[in-house]
file my_file37.cif (mmCIF, C-alpha atoms)
data_coords
#
loop_
_atom_site.label_atom_id
_atom_site.label_comp_id
_atom_site.auth_asym_id
_atom_site.auth_seq_id
_atom_site.Cartn_x
_atom_site.Cartn_y
_atom_site.Cartn_z
CA MET A 1 24.71 10.24 9.88
CA LEU A 2 21.08 9.19 10.24
CA HIS A 3 19.35 8.52 6.93
CA ILE A 4 15.54 8.55 6.98
CA VAL A 5 13.49 6.98 4.16
CA ASN A 6 9.69 7.35 3.98
CA LYS A 7 8.70 6.12 0.50
CA SER A 8 7.88 2.59 -0.65
CA ALA A 9 10.88 0.92 -2.28
CA THR A 10 8.56 -0.75 -4.79
CA GLU A 11 7.24 2.62 -5.96
CA ARG A 12 10.14 5.08 -5.66
CA GLY A 13 13.91 4.94 -5.88
CA THR A 14 14.70 6.76 -2.65
CA LEU A 15 15.78 3.64 -0.74
CA ASP A 16 18.31 2.86 -3.48
CA SER A 17 19.55 6.46 -3.43
CA CYS A 18 19.91 6.28 0.33
CA LEU A 19 21.73 2.94 0.39
CA ALA A 20 24.13 4.16 -2.31
CA MET A 21 25.10 7.15 -0.16
CA ALA A 22 25.01 5.65 3.34
CA THR A 23 28.57 4.95 4.52
CA LYS A 24 29.62 2.10 6.78
CA GLY A 25 28.36 2.48 10.32
CA SER A 26 25.59 4.92 9.37
CA ALA A 27 22.03 4.45 10.58
CA VAL A 28 19.06 4.05 8.23
CA LEU A 29 15.57 4.55 9.67
CA LEU A 30 12.59 3.35 7.63
CA ILE A 31 9.30 5.14 8.32
CA GLU A 32 5.83 5.41 6.68
CA ASP A 33 5.64 3.41 3.42
CA ALA A 34 9.38 2.68 3.52
CA VAL A 35 8.80 0.09 6.27
CA TYR A 36 7.55 -2.41 3.67
CA ALA A 37 11.18 -2.84 2.56
CA ALA A 38 12.00 -4.29 5.99
CA THR A 39 9.48 -7.13 5.65
CA LYS A 40 10.02 -10.76 4.71
CA GLY A 41 9.34 -11.73 1.10
CA SER A 42 9.53 -8.21 -0.34
CA THR A 43 11.80 -7.69 -3.35
CA ALA A 44 13.47 -4.90 -1.34
CA ALA A 45 14.27 -7.28 1.54
CA ALA A 46 17.51 -8.45 -0.07
CA LYS A 47 18.72 -4.84 -0.30
CA ILE A 48 17.96 -4.26 3.36
CA GLN A 49 19.63 -7.49 4.42
CA ALA A 50 22.74 -6.68 2.40
CA ALA A 51 22.77 -3.19 3.90
CA ALA A 52 22.25 -4.47 7.44
CA ALA A 53 25.77 -5.94 7.36
CA GLY A 54 27.45 -2.51 7.25
CA LEU A 55 24.68 -0.21 8.48
CA LYS A 56 22.36 -0.07 11.44
CA VAL A 57 18.84 -0.47 10.06
CA TYR A 58 15.79 0.64 12.03
CA ALA A 59 12.06 0.59 11.26
CA LEU A 60 9.32 2.55 13.02
CA GLY A 61 7.03 0.14 14.91
CA PRO A 62 3.77 2.14 14.72
CA ASP A 63 4.16 2.39 10.92
CA LEU A 64 4.73 -1.38 10.66
CA ALA A 65 1.63 -2.08 12.79
CA ALA A 66 -0.52 0.33 10.78
CA ARG A 67 0.37 -1.65 7.65
CA GLY A 68 -0.25 -5.11 9.11
CA MET A 69 3.48 -5.81 8.99
CA ALA A 70 4.43 -6.01 12.68
CA GLY A 71 4.93 -9.79 12.49
CA ARG A 72 6.92 -9.84 9.26
CA VAL A 73 10.01 -7.81 10.10
CA LEU A 74 13.33 -9.05 8.73
CA ASP A 75 15.99 -10.33 11.09
CA GLY A 76 18.65 -7.70 11.66
CA VAL A 77 16.20 -4.79 11.54
CA ASN A 78 15.69 -2.96 14.83
CA VAL A 79 12.11 -1.85 15.51
CA VAL A 80 11.84 1.47 17.35
CA ASP A 81 8.91 3.50 18.71
CA TYR A 82 8.53 7.29 18.50
CA SER A 83 10.80 7.93 21.49
CA GLY A 84 13.38 5.67 19.81
CA PHE A 85 13.03 7.84 16.70
CA VAL A 86 13.77 10.93 18.83
CA ASP A 87 16.78 9.19 20.40
CA LEU A 88 18.19 8.35 16.96
CA VAL A 89 17.86 11.96 15.82
CA ALA A 90 19.52 13.18 19.04
CA GLU A 91 22.36 10.65 18.83
CA HIS A 92 23.44 11.51 15.31
CA LYS A 93 25.29 14.60 14.22
CA ALA A 94 23.09 15.10 11.17
CA CYS A 95 20.01 13.68 9.45
CA GLN A 96 19.21 13.24 5.80
CA SER A 97 15.58 12.66 4.84
CA TRP A 98 15.30 11.00 1.39
CA LEU A 99 11.97 12.61 0.44
CA MET B 1 -32.43 19.66 -23.46
CA SER B 2 -33.95 20.05 -20.03
CA ASP B 3 -32.49 18.50 -16.88
CA MET B 4 -35.37 16.04 -16.85
CA ASP B 5 -34.54 14.80 -20.36
CA MET B 6 -30.91 14.19 -19.37
CA GLU B 7 -31.98 12.14 -16.40
CA ASP B 8 -34.29 10.06 -18.58
CA ASP B 9 -31.52 9.44 -21.12
CA GLY B 10 -29.21 8.15 -18.38
CA ALA B 11 -31.70 5.93 -16.58
CA GLY B 12 -30.92 2.24 -16.62
CA VAL B 13 -27.54 2.56 -18.32
CA VAL B 14 -25.04 0.26 -16.64
CA LYS B 15 -21.39 0.81 -17.49
CA LYS B 16 -18.38 -1.25 -16.55
CA PHE B 17 -16.26 0.71 -14.07
CA MET B 18 -12.80 -0.35 -12.99
CA PHE B 19 -11.23 1.22 -9.92
CA LEU B 20 -7.51 0.64 -10.14
CA ASN B 21 -5.72 0.87 -6.77
CA ARG B 22 -1.95 1.09 -6.91
CA LYS B 23 -0.92 2.81 -3.66
CA ALA B 24 -0.11 1.54 -0.17
CA PRO B 25 -2.76 2.40 2.44
CA HIS B 26 -1.46 5.12 4.79
CA GLY B 27 1.51 6.90 3.21
CA THR B 28 -0.79 8.82 0.87
CA VAL B 29 -4.52 9.54 0.90
CA TYR B 30 -5.19 7.72 -2.40
CA ALA B 31 -6.32 4.40 -0.90
CA LEU B 32 -8.88 5.93 1.44
CA GLU B 33 -10.18 8.36 -1.20
CA GLY B 34 -10.47 5.56 -3.75
CA LEU B 35 -12.52 3.50 -1.34
CA GLU B 36 -14.86 6.45 -0.71
CA VAL B 37 -15.43 6.92 -4.44
CA VAL B 38 -16.16 3.21 -4.92
CA LEU B 39 -18.81 3.36 -2.19
CA ILE B 40 -20.40 6.39 -3.89
CA THR B 41 -20.41 4.59 -7.24
CA ALA B 42 -22.17 1.62 -5.62
CA ALA B 43 -25.22 3.85 -5.09
CA PHE B 44 -25.62 4.17 -8.88
CA ASP B 45 -25.94 0.42 -9.57
CA GLN B 46 -22.99 0.21 -11.93
CA ASP B 47 -20.89 -2.83 -12.84
CA VAL B 48 -17.90 -2.20 -10.57
CA SER B 49 -14.59 -4.05 -10.50
CA MET B 50 -11.97 -3.16 -7.90
CA VAL B 51 -8.42 -4.00 -8.88
CA PHE B 52 -5.36 -3.99 -6.64
CA THR B 53 -1.92 -3.95 -8.25
CA ASP B 54 1.59 -2.81 -7.32
CA ASP B 55 1.63 -1.37 -3.77
CA GLY B 56 -2.19 -1.36 -3.88
CA VAL B 57 -2.18 -5.01 -2.78
CA TYR B 58 -0.95 -3.79 0.62
CA GLN B 59 -4.37 -2.17 1.17
CA LEU B 60 -5.97 -5.58 1.72
CA LEU B 61 -3.60 -6.95 4.37
CA LYS B 62 -4.99 -8.52 7.52
CA GLY B 63 -3.84 -7.39 10.95
CA ILE B 64 -3.69 -3.65 10.35
CA ASP B 65 -3.48 -1.69 13.63
CA SER B 66 -3.28 2.02 12.90
CA LYS B 67 -3.86 3.33 16.44
CA GLY B 68 -0.14 4.04 16.83
CA ILE B 69 -0.09 6.51 13.93
CA GLU B 70 -3.46 8.00 14.92
CA VAL B 71 -5.04 7.29 11.55
CA LYS B 72 -8.41 5.70 10.86
CA ASP B 73 -8.22 1.97 10.06
CA PHE B 74 -10.34 1.73 6.92
CA SER B 75 -9.20 -1.81 6.05
CA LYS B 76 -12.37 -3.31 7.52
CA THR B 77 -14.43 -1.31 5.04
CA TYR B 78 -13.20 -3.65 2.29
CA ARG B 79 -15.15 -6.41 4.01
CA ALA B 80 -18.32 -4.27 3.83
CA LEU B 81 -18.10 -3.87 0.03
CA GLU B 82 -20.05 -7.09 -0.45
CA GLY B 83 -23.01 -5.42 1.27
CA TYR B 84 -22.94 -2.76 -1.45
CA ASP B 85 -22.96 -5.42 -4.19
CA ILE B 86 -19.31 -4.80 -4.98
CA GLU B 87 -18.08 -8.36 -5.23
CA LYS B 88 -15.56 -8.22 -8.06
CA LEU B 89 -12.23 -7.79 -6.30
CA TYR B 90 -9.10 -8.64 -8.24
CA VAL B 91 -5.44 -8.71 -7.24
CA ASP B 92 -2.39 -9.00 -9.45
CA GLN B 93 -0.38 -12.18 -8.92
CA ALA B 94 2.97 -10.62 -9.78
CA SER B 95 2.42 -7.75 -7.34
CA MET B 96 1.61 -10.25 -4.59
CA ASP B 97 4.68 -12.34 -5.39
CA ALA B 98 7.00 -9.33 -5.37
CA ARG B 99 5.81 -8.48 -1.85
CA GLY B 100 5.90 -11.99 -0.41
CA LEU B 101 2.09 -12.07 -0.02
CA THR B 102 -0.49 -14.81 -0.58
CA GLU B 103 -4.31 -14.81 -0.60
CA ASP B 104 -4.23 -16.00 3.03
CA ASP B 105 -2.71 -12.66 4.01
CA LEU B 106 -5.72 -10.71 2.70
CA ILE B 107 -8.77 -9.50 4.63
CA VAL B 108 -11.27 -10.29 1.83
CA ASP B 109 -11.84 -13.00 -0.77
CA VAL B 110 -10.30 -11.97 -4.08
CA THR B 111 -9.70 -13.33 -7.55
CA VAL B 112 -6.00 -13.50 -8.37
CA LEU B 113 -5.19 -12.64 -11.99
CA SER B 114 -2.07 -12.79 -14.12
CA VAL B 115 -0.87 -9.61 -15.77
CA ALA B 116 -2.34 -10.79 -19.11
CA GLU B 117 -5.74 -11.48 -17.51
CA MET B 118 -5.61 -8.10 -15.79
CA ALA B 119 -4.85 -6.42 -19.12
CA ASN B 120 -7.87 -8.10 -20.74
CA LEU B 121 -10.09 -7.06 -17.83
CA MET B 122 -8.96 -3.46 -18.29
CA ASP B 123 -9.71 -3.58 -22.02
CA GLU B 124 -13.31 -4.64 -21.29
CA GLN B 125 -14.07 -1.53 -19.22
CA ASP B 126 -16.11 1.53 -20.20
CA VAL B 127 -14.47 3.63 -17.51
CA VAL B 128 -11.19 3.22 -15.62
CA ILE B 129 -10.53 5.36 -12.55
CA SER B 130 -7.09 5.20 -10.99
CA PHE B 131 -5.98 5.84 -7.43
#

call {"tool": "encode", "arguments": {"input": "my_file37.cif", "output": "C-alpha coordinates"}}
result
Amino acid sequence: MLHIVNKSATERGTLDSCLAMATKGSAVLLIEDAVYAATKGSTAAAKIQAAAAGLKVYALGPDLAARGMAGRVLDGVNVVDYSGFVDLVAEHKACQSWL
Amino acid sequence: MSDMDMEDDGAGVVKKFMFLNRKAPHGTVYALEGLEVVLITAAFDQDVSMVFTDDGVYQLLKGIDSKGIEVKDFSKTYRALEGYDIEKLYVDQASMDARGLTEDDLIVDVTVLSVAEMANLMDEQDVVISF
(Lines of atoms letter the chains of each structure in order from A and count residues from 1; the text may use other names and numbers.)
(Lines give C-alpha, C1' and ligand atoms only; values in the text may rest on other atoms or scores of the structure.)
Protein backbone atom coordinates (compact mmCIF):
# COMPACT_ATOMS: atom_id res chain seq x y z
CA MET A 1 0.00 0.00 0.00
CA LEU A 2 1.13 3.53 -0.81
CA HIS A 3 -0.01 6.12 1.72
CA ILE A 4 0.03 9.75 0.56
CA VAL A 5 -0.09 12.65 3.05
CA ASN A 6 -0.44 16.28 1.91
CA LYS A 7 -1.22 18.28 5.07
CA SER A 8 1.20 19.85 7.55
CA ALA A 9 1.72 17.63 10.59
CA THR A 10 1.85 20.72 12.81
CA GLU A 11 -1.61 21.80 11.66
CA ARG A 12 -3.58 18.61 11.02
CA GLY A 13 -3.64 15.07 12.36
CA THR A 14 -3.49 13.24 9.04
CA LEU A 15 0.15 12.16 9.38
CA ASP A 16 -0.66 10.55 12.74
CA SER A 17 -3.72 8.84 11.23
CA CYS A 18 -1.58 7.57 8.37
CA LEU A 19 1.26 6.28 10.54
CA ALA A 20 -1.23 4.50 12.81
CA MET A 21 -2.65 2.60 9.83
CA ALA A 22 0.46 2.02 7.73
CA THR A 23 1.63 -1.59 8.15
CA LYS A 24 5.23 -2.76 8.06
CA GLY A 25 6.79 -2.50 4.63
CA SER A 26 4.25 0.04 3.36
CA ALA A 27 5.33 3.21 1.59
CA VAL A 28 4.47 6.70 2.84
CA LEU A 29 4.85 9.60 0.41
CA LEU A 30 4.83 13.14 1.81
CA ILE A 31 3.72 15.87 -0.61
CA GLU A 32 2.68 19.56 -0.42
CA ASP A 33 2.67 20.85 3.18
CA ALA A 34 3.29 17.35 4.56
CA VAL A 35 6.95 17.58 3.47
CA TYR A 36 7.72 19.79 6.48
CA ALA A 37 7.46 16.65 8.65
CA ALA A 38 10.48 15.20 6.84
CA THR A 39 12.76 18.11 7.83
CA LYS A 40 15.34 18.33 10.59
CA GLY A 41 14.27 20.04 13.81
CA SER A 42 10.52 19.72 13.25
CA THR A 43 8.47 18.24 16.09
CA ALA A 44 7.13 15.74 13.53
CA ALA A 45 10.65 14.58 12.63
CA ALA A 46 10.76 12.05 15.46
CA LYS A 47 7.55 10.44 14.18
CA ILE A 48 9.00 10.16 10.69
CA GLN A 49 12.28 8.76 11.95
CA ALA A 50 10.49 6.18 14.08
CA ALA A 51 8.31 5.27 11.11
CA ALA A 52 11.26 5.05 8.73
CA ALA A 53 12.42 1.91 10.55
CA GLY A 54 9.43 -0.15 9.39
CA LEU A 55 8.16 1.86 6.42
CA LYS A 56 9.62 3.32 3.28
CA VAL A 57 9.29 7.09 3.58
CA TYR A 58 9.42 9.36 0.54
CA ALA A 59 9.10 13.13 0.11
CA LEU A 60 8.40 15.03 -3.11
CA GLY A 61 11.47 17.08 -4.08
CA PRO A 62 9.72 19.96 -5.89
CA ASP A 63 7.50 20.51 -2.82
CA LEU A 64 10.56 20.57 -0.53
CA ALA A 65 12.31 23.09 -2.80
CA ALA A 66 9.24 25.32 -3.01
CA ARG A 67 9.27 25.54 0.79
CA GLY A 68 12.99 26.26 1.18
CA MET A 69 13.47 22.81 2.71
CA ALA A 70 15.57 21.00 0.10
CA GLY A 71 18.67 21.11 2.30
CA ARG A 72 16.99 20.02 5.53
CA VAL A 73 15.67 16.56 4.71
CA LEU A 74 15.96 13.91 7.42
CA ASP A 75 18.25 10.95 6.92
CA GLY A 76 16.27 7.89 5.89
CA VAL A 77 13.77 9.85 3.80
CA ASN A 78 13.95 9.25 0.05
CA VAL A 79 13.42 12.35 -2.09
CA VAL A 80 11.56 11.67 -5.35
CA ASP A 81 10.59 13.84 -8.33
CA TYR A 82 7.26 13.72 -10.19
CA SER A 83 8.26 10.70 -12.28
CA GLY A 84 9.26 8.98 -9.03
CA PHE A 85 5.79 9.80 -7.71
CA VAL A 86 4.27 8.11 -10.78
CA ASP A 87 6.53 5.08 -10.31
CA LEU A 88 5.42 4.71 -6.67
CA VAL A 89 1.76 4.81 -7.68
CA ALA A 90 2.39 2.24 -10.43
CA GLU A 91 4.40 -0.08 -8.16
CA HIS A 92 1.80 -0.34 -5.42
CA LYS A 93 -1.43 -2.27 -5.56
CA ALA A 94 -3.43 0.54 -3.98
CA CYS A 95 -3.08 4.12 -2.75
CA GLN A 96 -4.62 5.87 0.20
CA SER A 97 -4.58 9.68 0.23
CA TRP A 98 -4.98 11.05 3.79
CA LEU A 99 -6.80 14.24 2.78
CA MET B 1 -24.78 61.79 5.76
CA SER B 2 -23.29 62.32 2.33
CA ASP B 3 -20.34 60.34 0.98
CA MET B 4 -18.19 63.44 1.37
CA ASP B 5 -18.99 63.71 5.09
CA MET B 6 -18.00 60.08 5.65
CA GLU B 7 -14.67 60.63 3.96
CA ASP B 8 -14.03 63.69 6.12
CA ASP B 9 -14.87 61.77 9.30
CA GLY B 10 -12.36 59.06 8.40
CA ALA B 11 -9.50 61.29 7.34
CA GLY B 12 -6.39 61.08 9.46
CA VAL B 13 -7.60 58.23 11.66
CA VAL B 14 -4.79 55.73 12.19
CA LYS B 15 -5.76 52.37 13.65
CA LYS B 16 -3.56 49.55 14.81
CA PHE B 17 -3.94 46.62 12.42
CA MET B 18 -2.52 43.18 13.08
CA PHE B 19 -2.26 40.68 10.25
CA LEU B 20 -1.93 37.26 11.79
CA ASN B 21 -0.38 34.66 9.45
CA ARG B 22 -0.69 31.05 10.55
CA LYS B 23 -0.46 29.00 7.34
CA ALA B 24 2.45 27.53 5.38
CA PRO B 25 3.13 29.29 2.07
CA HIS B 26 2.03 27.06 -0.85
CA GLY B 27 -0.35 24.36 0.39
CA THR B 28 -3.19 26.88 0.66
CA VAL B 29 -3.74 30.35 -0.82
CA TYR B 30 -3.92 32.08 2.59
CA ALA B 31 -0.28 33.25 2.73
CA LEU B 32 -0.32 34.90 -0.69
CA GLU B 33 -3.76 36.46 -0.16
CA GLY B 34 -2.71 37.78 3.26
CA LEU B 35 0.33 39.42 1.75
CA GLU B 36 -1.81 41.09 -0.94
CA VAL B 37 -4.17 42.51 1.69
CA VAL B 38 -1.26 43.85 3.75
CA LEU B 39 0.08 45.68 0.69
CA ILE B 40 -3.36 47.20 0.07
CA THR B 41 -3.60 48.32 3.70
CA ALA B 42 -0.20 50.01 3.38
CA ALA B 43 -1.77 52.48 0.94
CA PHE B 44 -4.03 53.77 3.74
CA ASP B 45 -1.20 54.78 6.11
CA GLN B 46 -2.31 52.59 8.98
CA ASP B 47 -0.23 51.24 11.87
CA VAL B 48 0.39 47.71 10.57
CA SER B 49 1.96 44.79 12.42
CA MET B 50 2.54 41.50 10.61
CA VAL B 51 2.68 38.47 12.86
CA PHE B 52 3.82 34.97 11.92
CA THR B 53 2.89 32.08 14.20
CA ASP B 54 2.36 28.32 13.89
CA ASP B 55 3.00 27.18 10.28
CA GLY B 56 2.99 30.87 9.26
CA VAL B 57 6.67 31.10 10.22
CA TYR B 58 7.41 28.88 7.20
CA GLN B 59 6.37 31.79 4.94
CA LEU B 60 9.57 33.67 5.76
CA LEU B 61 12.10 30.92 4.99
CA LYS B 62 15.11 31.67 2.83
CA GLY B 63 15.94 29.55 -0.20
CA ILE B 64 12.44 29.03 -1.57
CA ASP B 65 12.50 27.72 -5.16
CA SER B 66 8.95 27.18 -6.39
CA LYS B 67 9.70 26.66 -10.09
CA GLY B 68 9.26 22.90 -9.70
CA ILE B 69 5.64 23.24 -8.58
CA GLU B 70 4.93 26.01 -11.11
CA VAL B 71 3.78 28.47 -8.47
CA LYS B 72 4.82 32.09 -8.08
CA ASP B 73 7.56 32.64 -5.49
CA PHE B 74 6.15 35.50 -3.43
CA SER B 75 8.68 35.13 -0.60
CA LYS B 76 10.78 38.00 -1.95
CA THR B 77 7.80 40.32 -1.55
CA TYR B 78 8.33 40.17 2.23
CA ARG B 79 11.61 41.99 1.66
CA ALA B 80 9.73 44.76 -0.20
CA LEU B 81 7.39 45.46 2.75
CA GLU B 82 9.90 47.90 4.21
CA GLY B 83 9.43 50.06 1.11
CA TYR B 84 5.73 50.31 1.99
CA ASP B 85 6.56 51.40 5.56
CA ILE B 86 5.56 48.01 6.94
CA GLU B 87 8.45 47.41 9.31
CA LYS B 88 6.81 45.69 12.26
CA LEU B 89 7.32 42.00 11.58
CA TYR B 90 6.98 39.61 14.49
CA VAL B 91 7.51 35.87 14.77
CA ASP B 92 6.56 33.55 17.60
CA GLN B 93 9.52 31.94 19.37
CA ALA B 94 7.69 28.73 20.24
CA SER B 95 6.54 28.24 16.65
CA MET B 96 10.12 28.67 15.44
CA ASP B 97 11.44 26.22 18.04
CA ALA B 98 8.86 23.57 17.18
CA ARG B 99 10.01 23.71 13.55
CA GLY B 100 13.75 23.75 14.17
CA LEU B 101 14.07 27.31 12.80
CA THR B 102 16.14 30.31 13.90
CA GLU B 103 16.18 33.97 12.80
CA ASP B 104 19.10 33.14 10.49
CA ASP B 105 16.76 30.97 8.43
CA LEU B 106 14.45 33.91 7.64
CA ILE B 107 14.48 36.16 4.57
CA VAL B 108 13.70 39.38 6.52
CA ASP B 109 14.65 40.96 9.84
CA VAL B 110 12.02 40.18 12.45
CA THR B 111 11.33 40.68 16.14
CA VAL B 112 11.01 37.37 17.96
CA LEU B 113 8.36 37.39 20.69
CA SER B 114 7.32 34.96 23.40
CA VAL B 115 3.74 33.78 23.48
CA ALA B 116 3.00 36.20 26.36
CA GLU B 117 4.47 39.14 24.43
CA MET B 118 2.50 38.11 21.36
CA ALA B 119 -0.69 37.98 23.44
CA ASN B 120 -0.07 41.52 24.72
CA LEU B 121 0.60 42.77 21.19
CA MET B 122 -2.71 41.29 20.07
CA ASP B 123 -4.56 42.97 22.94
CA GLU B 124 -3.23 46.38 21.84
CA GLN B 125 -4.77 46.15 18.36
CA ASP B 126 -7.87 47.91 17.03
CA VAL B 127 -8.26 45.36 14.24
CA VAL B 128 -6.96 41.80 13.87
CA ILE B 129 -7.17 40.10 10.49
CA SER B 130 -6.27 36.43 10.29
CA PHE B 131 -4.95 34.37 7.40

call {"tool": "interface_residues", "arguments": {"input": "my_file37.cif", "of": "chain B", "to": "chain A", "cutoff": "6 Å", "atoms": "only C-alpha atoms", "output": "MDAnalysis selection string"}}
result
chainID B and resid 27 63:66 68:69 98:100

call {"tool": "resolve_selection", "arguments": {"input": "my_file37.cif", "expression": "the PyMOL selection byres ((chain B and resi 126) around 8)", "output": "PDB file with C-alpha atoms, keeping the file's coordinate frame"}}
result
ATOM      1  CA  LYS B  15     -21.390   0.810 -17.490  1.00  0.00           C
ATOM      2  CA  LYS B  16     -18.380  -1.250 -16.550  1.00  0.00           C
ATOM      3  CA  PHE B  17     -16.260   0.710 -14.070  1.00  0.00           C
ATOM      4  CA  GLU B 124     -13.310  -4.640 -21.290  1.00  0.00           C
ATOM      5  CA  GLN B 125     -14.070  -1.530 -19.220  1.00  0.00           C
ATOM      6  CA  VAL B 127     -14.470   3.630 -17.510  1.00  0.00           C
ATOM      7  CA  VAL B 128     -11.190   3.220 -15.620  1.00  0.00           C
TER       8      VAL B 128
END

call {"tool": "residues_around", "arguments": {"input": "my_file37.cif", "residues": "stretch 49-56 of chain A", "least_positions_apart": "3", "cutoff": "10 Å", "atoms": "only C-alpha atoms", "output": "ChimeraX atom specification"}}
result
/A:2,19-20,22-29,37-38,44-46,74-78

call {"tool": "closest_residue", "arguments": {"input": "my_file37.cif", "among": "A:Ala90, A:Val35, A:Trp98, A:Thr14", "to": "A:Val57", "atoms": "only C-alpha atoms"}}
result
A:Val35

call {"tool": "residues_around", "arguments": {"input": "my_file37.cif", "residues": "B:Asp54", "least_positions_apart": "3", "cutoff": "9 Å", "atoms": "only C-alpha atoms", "output": "VMD selection string"}}
result
(chain A and resid 10 to 11) or (chain B and resid 21 to 24 57 to 58 92 94 to 96 98 to 99)

call {"tool": "resolve_selection", "arguments": {"input": "my_file37.cif", "expression": "the PyMOL selection byres ((chain B and resi 115) around 8)", "output": "JSON, numbers by chain"}}
result
{"B": [92, 93, 94, 113, 114, 116, 117, 118, 119]}

call {"tool": "write_last_selection", "arguments": {"input": "my_file37.cif", "atoms": "C-alpha atoms", "output": "PDB file, in the coordinates of the input"}}
result
ATOM      1  CA  ASP B  92      -2.390  -9.000  -9.450  1.00  0.00           C
ATOM      2  CA  GLN B  93      -0.380 -12.180  -8.920  1.00  0.00           C
ATOM      3  CA  ALA B  94       2.970 -10.620  -9.780  1.00  0.00           C
ATOM      4  CA  LEU B 113      -5.190 -12.640 -11.990  1.00  0.00           C
ATOM      5  CA  SER B 114      -2.070 -12.790 -14.120  1.00  0.00           C
ATOM      6  CA  ALA B 116      -2.340 -10.790 -19.110  1.00  0.00           C
ATOM      7  CA  GLU B 117      -5.740 -11.480 -17.510  1.00  0.00           C
ATOM      8  CA  MET B 118      -5.610  -8.100 -15.790  1.00  0.00           C
ATOM      9  CA  ALA B 119      -4.850  -6.420 -19.120  1.00  0.00           C
TER      10      ALA B 119
END

call {"tool": "atom_distance", "arguments": {"input": "my_file37.cif", "atom1": "atom CA of B:Ser130", "atom2": "atom CA of B:Leu20"}}
result
4.7 Å

call {"tool": "atom_distance", "arguments": {"input": "my_file37.cif", "atom1": "atom CA of A:Leu60", "atom2": "atom CA of A:Val80"}}
result
5.1 Å

call {"tool": "resolve_selection", "arguments": {"input": "my_file37.cif", "expression": "the PyMOL selection byres ((chain B and resi 78-84) around 10)", "output": "list in words"}}
result
Leu35, Val38, Leu39, Ile40, Thr41, Ala42, Ala43, Asp45, Gln59, Leu60, Phe74, Ser75, Lys76, Thr77, Asp85, Ile86, Glu87, Lys88, Leu89, Ile107, Val108 and Asp109 of chain B

call {"tool": "atom_distance", "arguments": {"input": "my_file37.cif", "atom1": "atom CA of A:Leu88", "atom2": "atom CA of B:Lys67"}}
result
22.6 Å

call {"tool": "axis_aligned_box", "arguments": {"input": "my_file37.cif", "around": "stretch 40-56 of chain A", "padding_each_side": "4 Å", "output": "lines of an AutoDock Vina configuration file"}}
result
center_x = 18.4
center_y = -5.9
center_z = 4.0
size_x = 26.1
size_y = 19.7
size_z = 22.8

call {"tool": "closest_residue", "arguments": {"input": "my_file37.cif", "among": "B:Met122, B:Leu61, B:Ile129, B:Glu70", "to": "B:Thr102", "atoms": "all atoms listed in the file"}}
result
B:Leu61

call {"tool": "build_atoms", "arguments": {"input": "my_file37.cif", "residues": "stretch 66-88 of chain A", "atoms": "N, CA and C atoms", "output": "CSV table (one decimal), in the frame of the given file"}}
result
chain,number,residue,atom,x,y,z
A,66,ALA,N,0.6,-0.3,11.6
A,66,ALA,CA,-0.5,0.3,10.8
A,66,ALA,C,-0.7,-0.3,9.4
A,67,ARG,N,0.4,-1.0,9.0
A,67,ARG,CA,0.4,-1.6,7.6
A,67,ARG,C,0.2,-3.2,7.7
A,68,GLY,N,-0.1,-3.7,8.9
A,68,GLY,CA,-0.2,-5.1,9.1
A,68,GLY,C,1.1,-5.9,9.0
A,69,MET,N,2.2,-5.2,9.2
A,69,MET,CA,3.5,-5.8,9.0
A,69,MET,C,4.3,-6.1,10.3
A,70,ALA,N,3.7,-5.9,11.4
A,70,ALA,CA,4.4,-6.0,12.7
A,70,ALA,C,5.1,-7.4,12.8
A,71,GLY,N,4.4,-8.4,12.3
A,71,GLY,CA,4.9,-9.8,12.5
A,71,GLY,C,5.8,-10.3,11.4
A,72,ARG,N,6.2,-9.4,10.4
A,72,ARG,CA,6.9,-9.8,9.3
A,72,ARG,C,8.3,-9.2,9.1
A,73,VAL,N,8.8,-8.6,10.2
A,73,VAL,CA,10.0,-7.8,10.1
A,73,VAL,C,11.2,-8.7,9.9
A,74,LEU,N,12.1,-8.3,9.0
A,74,LEU,CA,13.3,-9.0,8.7
A,74,LEU,C,14.2,-9.1,9.9
A,75,ASP,N,15.0,-10.2,10.1
A,75,ASP,CA,16.0,-10.3,11.1
A,75,ASP,C,17.1,-9.3,10.8
A,76,GLY,N,17.6,-8.7,11.8
A,76,GLY,CA,18.6,-7.7,11.7
A,76,GLY,C,18.1,-6.3,11.6
A,77,VAL,N,16.8,-6.1,11.5
A,77,VAL,CA,16.2,-4.8,11.5
A,77,VAL,C,15.7,-4.5,13.0
A,78,ASN,N,16.1,-3.3,13.5
A,78,ASN,CA,15.7,-3.0,14.8
A,78,ASN,C,14.4,-2.1,14.8
A,79,VAL,N,13.4,-2.6,15.5
A,79,VAL,CA,12.1,-1.8,15.5
A,79,VAL,C,12.1,-0.8,16.7
A,80,VAL,N,11.8,0.4,16.3
A,80,VAL,CA,11.8,1.5,17.4
A,80,VAL,C,10.5,2.1,17.4
A,81,ASP,N,10.1,2.7,18.6
A,81,ASP,CA,8.9,3.5,18.7
A,81,ASP,C,9.3,5.0,18.5
A,82,TYR,N,8.3,5.9,18.8
A,82,TYR,CA,8.5,7.3,18.5
A,82,TYR,C,9.6,7.9,19.4
A,83,SER,N,9.7,7.4,20.7
A,83,SER,CA,10.8,7.9,21.5
A,83,SER,C,12.2,7.4,21.0
A,84,GLY,N,12.2,6.2,20.4
A,84,GLY,CA,13.4,5.7,19.8
A,84,GLY,C,13.8,6.5,18.6
A,85,PHE,N,12.8,7.0,17.9
A,85,PHE,CA,13.0,7.8,16.7
A,85,PHE,C,13.7,9.1,17.2
A,86,VAL,N,13.2,9.7,18.3
A,86,VAL,CA,13.8,10.9,18.8
A,86,VAL,C,15.2,10.7,19.3
A,87,ASP,N,15.4,9.5,19.9
A,87,ASP,CA,16.8,9.2,20.4
A,87,ASP,C,17.7,9.1,19.2
A,88,LEU,N,17.3,8.5,18.1
A,88,LEU,CA,18.2,8.4,17.0
A,88,LEU,C,18.6,9.7,16.4
